[in-house]
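**Q** My structure is in coords.txt, and what it holds is compact mmCIF, C-alpha atoms:
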```txt
# COMPACT_ATOMS: atom_id res chain seq x y z
CA MET A 1 -29.97 4.08 1.80
CA GLY A 2 -33.73 4.66 2.29
CA ILE A 3 -33.48 8.14 3.79
CA LEU A 4 -30.72 9.16 1.37
CA SER A 5 -32.89 8.23 -1.61
CA ASP A 6 -35.95 10.12 -0.32
CA PRO A 7 -36.55 13.05 -2.77
CA SER A 8 -37.87 15.31 0.01
CA VAL A 9 -34.72 14.74 2.10
CA LEU A 10 -32.47 15.40 -0.90
CA LEU A 11 -34.45 18.56 -1.72
CA PHE A 12 -34.16 19.81 1.86
CA ALA A 13 -30.43 19.07 1.93
CA GLY A 14 -29.93 20.83 -1.40
CA LEU A 15 -31.83 23.91 -0.26
CA LEU A 16 -29.92 23.96 3.02
CA ILE A 17 -26.56 23.79 1.23
CA ALA A 18 -27.63 26.42 -1.33
CA GLY A 19 -28.81 28.78 1.41
CA THR A 20 -25.59 28.30 3.37
CA VAL A 21 -23.42 29.01 0.32
CA PHE A 22 -25.58 32.03 -0.56
CA LEU A 23 -25.05 33.55 2.88
CA LEU A 24 -21.36 32.61 2.88
CA THR A 25 -20.88 34.49 -0.40
CA LEU A 26 -22.58 37.57 1.02
CA VAL A 27 -20.38 37.48 4.12
CA ASN A 28 -17.07 36.24 2.68
CA THR A 29 -16.66 35.90 -1.06
CA ASP A 30 -13.13 34.51 -0.71
CA ALA A 31 -14.40 31.56 1.32
CA ALA A 32 -17.12 30.81 -1.25
CA ILE A 33 -14.59 30.92 -4.11
CA VAL A 34 -12.26 28.61 -2.18
CA LEU A 35 -15.14 26.15 -1.74
CA LEU A 36 -15.79 26.32 -5.48
CA ILE A 37 -12.12 25.64 -6.30
CA VAL A 38 -12.16 22.46 -4.22
CA ALA A 39 -15.49 21.39 -5.73
CA MET A 40 -14.07 21.67 -9.27
CA LEU A 41 -12.32 18.31 -8.82
CA PHE A 42 -14.20 16.73 -5.94
CA SER A 43 -17.79 16.91 -7.16
CA PRO A 44 -19.93 13.87 -7.95
CA GLU A 45 -21.82 13.66 -11.23
CA ILE A 46 -25.59 13.32 -11.55
CA GLY A 47 -26.83 11.79 -14.79
CA LEU A 48 -29.97 13.44 -16.17
CA ALA A 49 -30.41 12.04 -19.67
CA SER A 50 -28.43 11.06 -22.73
CA VAL A 51 -28.20 11.64 -26.44
CA PRO A 52 -26.41 9.25 -28.81
CA GLY A 53 -22.91 8.84 -27.39
CA ARG A 54 -23.20 11.79 -24.98
CA SER A 55 -24.53 11.87 -21.44
CA VAL A 56 -26.34 14.86 -19.97
CA VAL A 57 -24.96 15.29 -16.46
CA ILE A 58 -24.70 18.00 -13.85
CA ARG A 59 -22.22 18.17 -11.00
CA PHE A 60 -22.28 19.69 -7.54
CA ASP A 61 -19.95 22.49 -8.62
CA ASP A 62 -22.38 23.43 -11.42
CA LEU A 63 -25.02 24.17 -8.81
CA LEU A 64 -22.47 25.74 -6.48
CA LEU A 65 -21.30 28.11 -9.21
CA LEU A 66 -24.86 29.25 -9.94
CA VAL A 67 -25.58 29.87 -6.25
CA ILE A 68 -22.33 31.81 -5.79
CA PHE A 69 -22.98 33.83 -8.95
CA PHE A 70 -26.49 34.89 -7.96
CA SER A 71 -25.46 35.67 -4.39
CA TRP A 72 -22.57 37.72 -5.76
CA VAL A 73 -25.04 39.64 -7.96
CA ALA A 74 -27.14 40.24 -4.86
CA LYS A 75 -24.04 41.51 -3.08
CA LEU A 76 -23.45 43.94 -5.95
CA ALA A 77 -26.99 45.22 -5.55
CA ILE A 78 -26.57 45.68 -1.79
CA ASN A 79 -23.10 47.22 -1.87
CA LYS A 80 -23.04 49.85 -4.61
CA GLN A 81 -19.34 50.55 -3.95
CA LEU A 82 -18.36 47.23 -5.47
CA GLY A 83 -19.07 48.69 -8.91
CA LEU A 84 -20.47 47.26 -12.12
CA LEU A 85 -19.17 44.48 -14.32
CA LYS A 86 -15.69 45.15 -15.67
CA PRO A 87 -14.97 45.16 -19.40
CA THR A 88 -12.20 42.75 -20.40
CA PRO A 89 -10.29 41.98 -23.62
CA MET A 90 -12.19 38.68 -23.76
CA ASN A 91 -15.69 40.15 -23.93
CA ILE A 92 -15.82 40.37 -27.73
CA PRO A 93 -14.16 36.99 -28.54
CA VAL A 94 -16.37 35.16 -26.03
CA SER A 95 -19.51 36.91 -27.31
CA ILE A 96 -18.67 36.00 -30.91
CA TYR A 97 -18.07 32.36 -30.02
CA ILE A 98 -21.32 32.09 -28.02
CA GLY A 99 -23.25 33.90 -30.75
CA ILE A 100 -22.02 31.56 -33.50
CA SER A 101 -22.76 28.51 -31.32
CA LEU A 102 -26.30 29.76 -30.74
CA ILE A 103 -26.91 30.49 -34.43
CA SER A 104 -25.49 27.09 -35.42
CA SER A 105 -27.77 25.31 -32.96
CA VAL A 106 -30.89 27.18 -34.06
CA LEU A 107 -30.12 26.45 -37.71
CA GLY A 108 -29.45 22.81 -36.80
CA MET A 109 -32.84 22.58 -35.11
CA LEU A 110 -34.59 24.12 -38.12
CA ARG A 111 -32.85 21.74 -40.54
CA GLY A 112 -33.52 18.72 -38.36
CA ASN A 113 -29.84 17.96 -37.63
CA VAL A 114 -30.43 18.64 -33.92
CA THR A 115 -32.98 16.04 -32.92
CA ASN A 116 -32.95 16.83 -29.19
CA PRO A 117 -33.22 20.61 -28.69
CA VAL A 118 -33.22 20.29 -24.90
CA ALA A 119 -29.88 18.48 -24.90
CA SER A 120 -28.49 21.02 -27.38
CA ILE A 121 -29.53 23.91 -25.15
CA PHE A 122 -28.08 22.10 -22.12
CA TYR A 123 -24.64 21.75 -23.73
CA LEU A 124 -24.75 25.34 -24.94
CA LEU A 125 -25.49 26.54 -21.42
CA LYS A 126 -22.79 24.21 -20.07
CA GLY A 127 -20.25 25.97 -22.29
CA CYS A 128 -21.51 29.37 -21.14
CA GLU A 129 -20.98 28.26 -17.54
CA TYR A 130 -17.20 28.48 -17.96
CA PHE A 131 -17.49 32.05 -19.20
CA LEU A 132 -19.83 32.83 -16.31
CA LEU A 133 -17.09 31.66 -13.95
CA TYR A 134 -14.55 33.78 -15.82
CA PHE A 135 -16.55 37.00 -15.62
CA MET A 136 -17.50 36.47 -11.99
CA VAL A 137 -13.87 35.94 -10.89
CA VAL A 138 -12.75 38.95 -12.95
CA ASN A 139 -15.14 41.13 -10.96
CA VAL A 140 -14.40 39.57 -7.56
CA VAL A 141 -10.59 39.87 -7.56
CA GLN A 142 -9.28 43.19 -6.30
CA TYR A 143 -5.85 42.52 -4.75
CA PRO A 144 -2.75 40.39 -5.48
CA ALA A 145 -3.23 38.58 -2.15
CA GLN A 146 -6.52 37.16 -3.44
CA VAL A 147 -4.82 35.83 -6.57
CA LYS A 148 -2.15 34.14 -4.46
CA LEU A 149 -4.74 32.68 -2.09
CA TYR A 150 -6.77 31.19 -4.93
CA LEU A 151 -3.67 29.77 -6.63
CA ARG A 152 -2.53 28.21 -3.35
CA VAL A 153 -5.91 26.50 -2.88
CA LEU A 154 -5.90 25.37 -6.52
CA LEU A 155 -2.50 23.72 -6.09
CA LEU A 156 -3.47 22.17 -2.75
CA THR A 157 -6.53 20.71 -4.46
CA ALA A 158 -4.23 19.29 -7.13
CA ALA A 159 -2.12 17.69 -4.39
CA ALA A 160 -5.28 16.07 -3.00
CA VAL A 161 -6.09 14.77 -6.49
CA GLY A 162 -2.57 13.36 -6.60
CA ILE A 163 -3.13 11.55 -3.30
CA SER A 164 -6.35 10.08 -4.68
CA SER A 165 -4.41 8.93 -7.76
CA TYR A 166 -1.78 7.17 -5.65
CA PHE A 167 -4.54 5.30 -3.79
CA GLN A 168 -5.89 4.11 -7.16
CA MET A 169 -2.42 3.01 -8.22
CA ALA A 170 -1.93 1.10 -4.96
CA SER A 171 -5.37 -0.52 -5.16
CA HIS A 172 -5.41 -1.58 -8.82
CA GLY A 173 -1.76 -2.02 -9.78
CA MET A 174 0.40 -0.47 -12.48
CA GLY A 175 -1.69 -1.62 -15.43
CA TYR A 176 -4.76 0.32 -14.25
CA ARG A 177 -5.53 3.65 -15.95
CA ILE A 178 -6.23 6.05 -13.10
CA SER A 179 -8.92 8.69 -13.31
CA ALA A 180 -10.14 11.81 -11.50
CA PRO A 181 -12.12 11.46 -8.24
CA PHE A 182 -15.91 10.99 -8.31
CA GLU A 183 -16.25 10.24 -12.00
CA GLY A 184 -19.14 8.05 -13.07
CA LYS A 185 -17.32 6.52 -16.03
CA PRO A 186 -13.51 6.61 -15.63
CA GLU A 187 -11.91 9.15 -17.98
CA PRO A 188 -8.09 8.93 -17.72
CA ASN A 189 -7.69 11.40 -20.59
CA THR A 190 -9.50 14.01 -18.50
CA LEU A 191 -7.19 13.53 -15.53
CA ALA A 192 -4.16 13.70 -17.84
CA GLY A 193 -5.26 17.05 -19.26
CA TYR A 194 -5.91 18.46 -15.80
CA LEU A 195 -2.53 17.29 -14.50
CA VAL A 196 -0.65 18.75 -17.48
CA PHE A 197 -2.33 22.12 -16.89
CA ILE A 198 -1.58 22.09 -13.16
CA VAL A 199 2.01 20.84 -13.55
CA ALA A 200 2.57 23.76 -15.94
CA GLN A 201 1.56 26.10 -13.11
CA SER A 202 3.77 24.42 -10.52
CA ILE A 203 6.85 24.33 -12.80
CA ALA A 204 6.31 27.98 -13.72
CA GLN A 205 6.28 28.88 -10.03
CA VAL A 206 9.61 27.09 -9.64
CA LEU A 207 11.00 29.26 -12.45
CA CYS A 208 9.51 32.61 -11.41
CA ASN A 209 8.67 32.66 -7.70
CA ASP A 210 10.87 34.86 -5.50
CA SER A 211 10.53 32.64 -2.42
CA ARG A 212 12.99 29.76 -2.15
CA ASN A 213 10.66 27.78 0.12
CA SER A 214 7.83 28.20 -2.35
CA ARG A 215 10.04 27.05 -5.22
CA VAL A 216 10.97 23.92 -3.28
CA ARG A 217 7.30 23.15 -2.53
CA GLN A 218 6.28 23.66 -6.15
CA PHE A 219 9.11 21.49 -7.42
CA ALA A 220 8.02 18.75 -5.01
CA LEU A 221 4.41 19.09 -6.24
CA SER A 222 5.55 18.79 -9.86
CA LEU A 223 7.42 15.57 -9.09
CA PHE A 224 4.50 14.30 -7.02
CA LEU A 225 2.01 14.72 -9.89
CA LEU A 226 4.17 13.22 -12.63
CA PRO A 227 3.56 9.52 -11.75
CA PRO A 228 -0.25 9.98 -11.78
CA LEU A 229 0.09 11.65 -15.19
CA ILE A 230 2.19 8.74 -16.45
CA PHE A 231 -0.26 6.13 -15.15
CA THR A 232 -3.24 7.68 -16.89
CA TYR A 233 -1.65 6.00 -19.94
CA SER A 234 -3.03 8.89 -21.98
CA ARG A 235 -1.01 9.27 -25.16
CA GLY A 236 -2.65 12.63 -25.75
CA GLY A 237 -1.60 13.61 -22.23
CA TYR A 238 2.01 12.62 -22.90
CA LEU A 239 2.11 14.69 -26.10
CA SER A 240 0.40 17.57 -24.30
CA PHE A 241 3.01 17.48 -21.51
CA ILE A 242 5.93 17.54 -23.96
CA SER A 243 4.36 20.47 -25.84
CA MET A 244 3.75 22.34 -22.60
CA TYR A 245 7.31 21.75 -21.44
CA ILE A 246 8.81 22.96 -24.73
CA VAL A 247 6.84 26.21 -24.40
CA LEU A 248 8.29 26.66 -20.90
CA ILE A 249 11.79 26.20 -22.36
CA PHE A 250 11.26 28.88 -25.01
CA LEU A 251 9.52 31.43 -22.78
CA SER A 252 11.72 31.06 -19.70
CA THR A 253 14.83 32.66 -21.17
CA ARG A 254 16.92 32.49 -17.97
CA HIS A 255 16.30 28.79 -17.42
CA ARG A 256 16.40 27.33 -20.92
CA PHE A 257 19.52 25.25 -20.40
CA PRO A 258 18.47 23.51 -17.13
CA LEU A 259 14.95 22.91 -18.50
CA ALA A 260 16.27 21.46 -21.75
CA SER A 261 18.78 19.37 -19.81
CA LEU A 262 16.03 17.92 -17.62
CA LEU A 263 13.97 17.05 -20.69
CA LEU A 264 16.93 15.31 -22.31
CA ALA A 265 17.79 13.47 -19.09
CA GLY A 266 14.18 12.37 -18.72
CA ALA A 267 14.12 11.02 -22.27
CA LEU A 268 17.34 9.06 -21.68
CA LEU A 269 16.31 7.67 -18.28
CA ALA A 270 12.70 6.85 -19.22
CA PRO A 271 13.50 3.36 -20.59
CA LEU A 272 15.33 2.56 -17.35
CA VAL A 273 12.82 3.84 -14.78
CA LEU A 274 9.36 3.58 -16.39
CA PRO A 275 7.46 0.27 -16.32
CA HIS A 276 7.02 -1.68 -19.54
CA THR A 277 3.27 -0.97 -19.45
CA VAL A 278 3.95 2.64 -20.48
CA PHE A 279 5.93 1.58 -23.54
CA ASP A 280 3.37 -1.10 -24.36
CA ARG A 281 0.77 1.65 -24.42
CA LEU A 282 2.89 3.78 -26.74
CA HIS A 283 3.65 0.80 -28.96
CA ASP A 284 -0.08 0.08 -29.23
CA THR A 285 -0.45 3.34 -31.16
CA PHE A 286 1.07 1.67 -34.20
CA GLY A 287 0.00 -1.91 -33.51
CA GLY A 288 -2.13 -4.15 -35.66
CA GLY A 289 -5.41 -5.81 -34.83
CA ARG A 290 -8.88 -6.23 -36.21
CA GLU A 291 -9.79 -2.55 -36.04
CA SER A 292 -6.45 -1.10 -37.14
CA MET A 293 -6.03 0.88 -40.34
CA MET A 294 -3.27 2.00 -42.67
CA VAL A 295 -2.54 5.73 -43.14
CA GLY A 296 0.07 5.91 -45.87
CA ASN A 297 2.79 3.53 -44.78
CA VAL A 298 1.85 3.71 -41.09
CA GLN A 299 -0.45 1.20 -39.42
CA LEU A 300 -2.56 2.73 -36.64
CA ALA A 301 -4.10 0.74 -33.80
CA HIS A 302 -7.75 0.90 -32.77
CA SER A 303 -7.77 4.15 -30.76
CA PRO A 304 -5.86 6.44 -33.15
CA ALA A 305 -7.53 4.71 -36.11
CA ALA A 306 -10.92 5.52 -34.60
CA ARG A 307 -10.01 9.21 -34.45
CA VAL A 308 -8.94 9.18 -38.09
CA ARG A 309 -12.32 7.65 -38.95
CA ILE A 310 -14.04 10.28 -36.84
CA TYR A 311 -12.36 13.09 -38.77
CA LYS A 312 -13.43 11.46 -42.04
CA TYR A 313 -16.99 11.20 -40.76
CA VAL A 314 -16.94 14.82 -39.54
CA PHE A 315 -15.70 16.21 -42.85
CA ASP A 316 -18.29 14.20 -44.76
CA LYS A 317 -21.10 15.62 -42.59
CA TRP A 318 -19.56 19.10 -42.30
CA SER A 319 -19.64 19.58 -46.07
CA GLU A 320 -23.44 19.78 -45.85
CA ASN A 321 -23.25 23.07 -43.90
CA PRO A 322 -19.63 24.27 -43.91
CA LEU A 323 -20.12 27.74 -42.41
CA PHE A 324 -22.22 26.99 -39.31
CA GLY A 325 -22.00 23.21 -39.04
CA LEU A 326 -24.85 21.01 -37.83
CA GLY A 327 -25.46 22.67 -34.45
CA ILE A 328 -24.62 21.62 -30.89
CA THR A 329 -25.20 17.80 -30.59
CA GLY A 330 -26.13 17.75 -34.30
CA ILE A 331 -23.21 15.52 -35.26
CA GLY A 332 -23.36 13.16 -32.27
CA PHE A 333 -20.38 12.06 -30.22
CA VAL A 334 -17.01 13.14 -31.61
CA ASP A 335 -14.06 12.52 -29.27
CA THR A 336 -11.78 15.28 -30.56
CA GLN A 337 -12.20 18.99 -29.95
CA TYR A 338 -11.41 20.23 -33.43
CA GLY A 339 -13.54 17.61 -35.14
CA LEU A 340 -16.44 18.46 -32.84
CA LEU A 341 -16.04 22.19 -33.50
CA ILE A 342 -16.00 21.74 -37.28
CA GLY A 343 -18.99 19.41 -37.16
CA GLU A 344 -21.13 21.41 -34.72
CA VAL A 345 -20.31 25.08 -35.39
CA GLY A 346 -18.54 24.92 -38.75
CA ILE A 347 -15.66 27.00 -40.04
CA LEU A 348 -17.00 30.18 -38.42
CA GLY A 349 -17.17 28.50 -35.02
CA LEU A 350 -13.68 27.05 -35.38
CA LEU A 351 -12.30 30.48 -36.33
CA ALA A 352 -14.11 32.05 -33.37
CA PHE A 353 -12.62 29.40 -31.07
CA LEU A 354 -9.11 30.05 -32.38
CA PHE A 355 -9.64 33.83 -32.14
CA MET A 356 -10.78 33.48 -28.53
CA ASN A 357 -7.76 31.37 -27.58
CA GLY A 358 -5.39 33.62 -29.53
CA ARG A 359 -6.67 36.72 -27.74
CA LEU A 360 -6.40 34.95 -24.39
CA TRP A 361 -2.81 33.92 -25.14
CA MET A 362 -1.86 37.50 -26.07
CA VAL A 363 -3.53 38.92 -22.94
CA THR A 364 -1.56 36.45 -20.84
CA PHE A 365 1.70 37.09 -22.70
CA ASN A 366 1.35 40.87 -22.18
CA ALA A 367 0.69 40.30 -18.47
CA TYR A 368 3.71 37.98 -18.30
CA ARG A 369 5.95 40.73 -19.69
CA THR A 370 4.60 43.51 -17.47
CA VAL A 371 3.82 42.08 -14.01
CA GLU A 372 6.64 42.47 -11.51
CA ASP A 373 5.71 40.05 -8.73
CA GLY A 374 7.43 36.69 -9.35
CA ASN A 375 4.46 34.69 -8.05
CA LEU A 376 2.08 36.47 -10.44
CA LYS A 377 4.52 36.20 -13.33
CA GLY A 378 4.65 32.46 -12.71
CA ILE A 379 0.86 32.22 -13.03
CA CYS A 380 1.11 33.83 -16.47
CA LEU A 381 3.99 31.62 -17.62
CA GLY A 382 2.21 28.49 -16.43
CA PHE A 383 -0.97 29.46 -18.24
CA LEU A 384 0.87 30.20 -21.51
CA ALA A 385 2.45 26.75 -21.47
CA GLY A 386 -0.66 25.04 -20.16
CA GLN A 387 -2.89 26.59 -22.82
CA VAL A 388 -0.64 25.30 -25.60
CA GLY A 389 -0.70 21.89 -23.94
CA MET A 390 -4.52 21.93 -23.88
CA LEU A 391 -4.69 22.95 -27.54
CA ILE A 392 -2.44 20.01 -28.45
CA HIS A 393 -4.40 17.69 -26.17
CA SER A 394 -7.56 18.74 -28.02
CA PHE A 395 -6.55 16.57 -30.98
CA SER A 396 -7.28 13.52 -28.82
CA GLY A 397 -10.20 14.69 -26.69
CA ASN A 398 -12.90 17.31 -26.12
CA VAL A 399 -10.66 19.19 -23.72
CA PHE A 400 -12.47 22.55 -23.95
CA LEU A 401 -15.76 20.92 -22.96
CA ILE A 402 -14.47 18.97 -19.95
CA VAL A 403 -15.55 20.55 -16.67
CA ARG A 404 -12.59 19.33 -14.62
CA ILE A 405 -10.17 21.00 -17.02
CA MET A 406 -12.09 24.06 -18.17
CA GLU A 407 -13.13 25.33 -14.75
CA PRO A 408 -9.50 25.64 -13.55
CA PHE A 409 -8.54 26.91 -17.02
CA TRP A 410 -11.03 29.79 -17.11
CA PHE A 411 -10.56 30.46 -13.41
CA ILE A 412 -6.84 31.13 -13.90
CA ALA A 413 -7.60 33.02 -17.13
CA ALA A 414 -9.76 35.38 -15.08
CA LEU A 415 -6.99 35.89 -12.50
CA ILE A 416 -4.54 36.76 -15.28
CA THR A 417 -6.93 39.15 -17.00
CA VAL A 418 -7.14 41.37 -13.91
CA LEU A 419 -3.43 41.25 -12.98
CA PRO A 420 -2.51 44.63 -14.56
CA HIS A 421 -5.42 46.32 -12.77
CA VAL A 422 -4.69 44.50 -9.52
CA GLN A 423 -1.05 45.62 -9.55
CA GLU A 424 -2.05 49.25 -10.08
CA VAL A 425 -4.54 49.09 -7.21
CA ALA A 426 -1.91 47.52 -4.96
CA LYS A 427 0.43 50.48 -5.57
CA VAL A 428 -2.21 52.95 -4.37
CA LEU A 429 -4.07 51.10 -1.61
CA PRO A 430 -2.73 48.77 1.10
CA PRO A 431 -4.31 45.39 0.32
CA PRO A 432 -6.35 43.58 2.95
CA LYS A 433 -5.15 40.02 3.36
CA PRO A 434 -7.93 37.66 2.29
CA ARG A 435 -8.76 35.09 4.92
CA LEU A 436 -11.22 32.32 5.39
CA PRO A 437 -13.89 32.98 8.02
CA ARG A 438 -13.13 32.19 11.64
CA PRO A 439 -15.54 31.97 14.56
CA GLY A 440 -16.66 35.46 15.49
CA MET A 441 -15.09 37.09 12.47
CA VAL A 442 -16.97 38.59 9.54
CA HIS A 443 -14.95 39.49 6.47
CA SER A 444 -16.15 40.92 3.19
CA VAL A 445 -14.21 41.30 -0.03
```
What would the structure in this file look like if it were written as structure tokens?

**A**
Amino acid sequence: MGILSDPSVLLFAGLLIAGTVFLLTLVNTDAAIVLLIVAMLFSPEIGLASVPGRSVVIRFDDLLLLVIFFSWVAKLAINKQLGLLKPTPMNIPVSIYIGISLISSVLGMLRGNVTNPVASIFYLLKGCEYFLLYFMVVNVVQYPAQVKLYLRVLLLTAAAVGISSYFQMASHGMGYRISAPFEGKPEPNTLAGYLVFIVAQSIAQVLCNDSRNSRVRQFALSLFLLPPLIFTYSRGGYLSFISMYIVLIFLSTRHRFPLASLLLAGALLAPLVLPHTVFDRLHDTFGGGRESMMVGNVQLAHSPAARVRIYKYVFDKWSENPLFGLGITGIGFVDTQYGLLIGEVGILGLLAFLFMNGRLWMVTFNAYRTVEDGNLKGICLGFLAGQVGMLIHSFSGNVFLIVRIMEPFWFIAALITVLPHVQEVAKVLPPPKPRLPRPGMVHSV
């Protein structure tokens, strides 16, 4: 432990890793992106500071993303043929959302609502990190083979997360709420959101992929990830999954009947195959107790009652500055995305958030209708369903701030944004097959 805690050793190791990743990006961008995909879920957290109810942490993939981004910019400067940054349909919505968040935070600092400007700036930059990932991937992807490679690695990473979940289940028993790997404080709701988003992708591949072997593998992955989702005991995750699945039923016109039949069969068999702990968790939603509360004629247990109280608190504070809110971190910890948006960035920020997600959904829907490759069409279908699931899940958590969900979310959003361009390029030029580096081989995207 002595040598591992030595700051000079840690600094040397960090610089060595950063330099290696920098060179790897210059030589083989695909390999660097693959490393980043794996790090999205398998990165440890490093606590820096805290504000009331919120910790300030960085993760290995935060640093990895910055190194890859700056080395990619250097690659652009060296190789002029790679071109400049591409415009996308998301440029304006993202810019509006970031601009309103910045204005809200500055106003919050001036009014005294934001008591820790450093933490506020940190969280603002943390949100911008997802968009940085989006724009970098948009400019890196050139061929359909890259999209398929990245999706394959993303799903393999999800399978590894599933294996980690099964180890937790075996170690702690059925009553334990499993969480994502390398989390400081266990957050089952985070893992539930991630699994819903990934299962949406794997089911969509079953529905759209042209390869029978691939459909079988994706169906097996979907079944493999369902028990970990169930044993997060996340009620928001359950509701998110049902919402996601219903979207798949409506959008997949050729498979509506089998999908609906599976949903009905699952609902009928659930009482017979699921352990009582799952139903105890659901029953707790409307249980009594010291911290329960009545909403009309319905009695809510502690957790849902706490969220109702949070919304009441948010609306009381939000009324002080309805347009721009109190600024990032100005309202403290609020464990629901929409409540946090209203409290921090006001009505304008909430509208900008909805506009950004609406534009992204339309971009994906247009790609879903126009792309011809079944594998690529499946990516679009999975994202459409997964995005709705995340928006529903946001009622019970800060889903659009969670790194382990938002990095895969914006990564796939970037892949979808470039699909029309990628398909046109593929018709004109024979695509090079992206590969990871091998000894003696140098490959550049």

**Q** Excluding region 146-153 of chain A and residues on its chain fewer than 5 positions from it, collect all residues at most 8 Å away from it, counting all atoms listed in the file, and give them as number ranges by chain.

**A** A: 30, 33-34, 37-38, 141, 375-376, 415, 433-434

**Q** Please provide the set of residues having any atom within 6 Å of region 332-341 of chain A, restricted to all atoms listed in the file, with same-chain residues fewer than 3 positions apart removed, written as a PyMOL selection string.

**A** chain A and resi 53-54+311+329+344-345+350+394-398

**Q** Can I get the selection written as an mmCIF file, in the coordinates of the input, with C-alpha atoms?

**A**
```cif
data_model
loop_
_atom_site.group_PDB
_atom_site.id
_atom_site.type_symbol
_atom_site.label_atom_id
_atom_site.label_comp_id
_atom_site.auth_asym_id
_atom_site.auth_seq_id
_atom_site.Cartn_x
_atom_site.Cartn_y
_atom_site.Cartn_z
ATOM 1 C CA GLY A 53 -22.910 8.840 -27.390
ATOM 2 C CA ARG A 54 -23.200 11.790 -24.980
ATOM 3 C CA TYR A 311 -12.360 13.090 -38.770
ATOM 4 C CA THR A 329 -25.200 17.800 -30.590
ATOM 5 C CA GLU A 344 -21.130 21.410 -34.720
ATOM 6 C CA VAL A 345 -20.310 25.080 -35.390
ATOM 7 C CA LEU A 350 -13.680 27.050 -35.380
ATOM 8 C CA SER A 394 -7.560 18.740 -28.020
ATOM 9 C CA PHE A 395 -6.550 16.570 -30.980
ATOM 10 C CA SER A 396 -7.280 13.520 -28.820
ATOM 11 C CA GLY A 397 -10.200 14.690 -26.690
ATOM 12 C CA ASN A 398 -12.900 17.310 -26.120
#
```

**Q** Neighbouring residues of Gln423 (chain A) were defined as those with any atom within 8 Å, considering all atoms listed in the file; residues of the same chain fewer than 5 positions away were excluded. Please report them as a list of chain:residue names.

**A**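 Here the answer would be A:Tyr143, A:Pro144, A:Val371.
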
**Q** Compute the distance from (-15.8, 38.0, -6.7) to each atom, counting only C-alpha atoms, keep the residues with any atom at most 12 Å away, and return them as a ChimeraX atom specification; use the coordinates of the file.

**A** /A:25-34,36,65,68-76,82-86,132-143,146-147,150,411,414-415,418,434,444-445

**Q** Mind giving me the straight-line distance from CA of Met362 (chain A) to CA of Gly386 (chain A) in Å, one decimal?

**A**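 Going from CA of Met362 (chain A) over to CA of Gly386 (chain A), I get 13.8 Å.
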
**Q** Rank nothing, just name the residue among A:Leu124, A:Leu41, A:Leu66, A:Leu326 nearest to Leu191 (chain A), using only C-alpha atoms.

**A** A:Leu41

**Q** At what distance in Å, to one decimal, does CA of Ile242 (chain A) lie from CA of His393 (chain A)?

**A**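 Separation of CA of His393 (chain A) and CA of Ile242 (chain A): 10.6 Å.
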
**Q** In terms of the shortest atom-to-atom distance over all atoms listed in the file, which of A:Ile342, A:Ser164, A:Ile416, A:Leu401 is closest to Cys128 (chain A)?

**A** A:Leu401

**Q** Could you please determine the separation between CA of Leu381 (chain A) and CA of Pro408 (chain A) in Å, to one decimal place?

**A**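 Spanning CA of Leu381 (chain A) to CA of Pro408 (chain A) is a straight-line distance of 15.3 Å.
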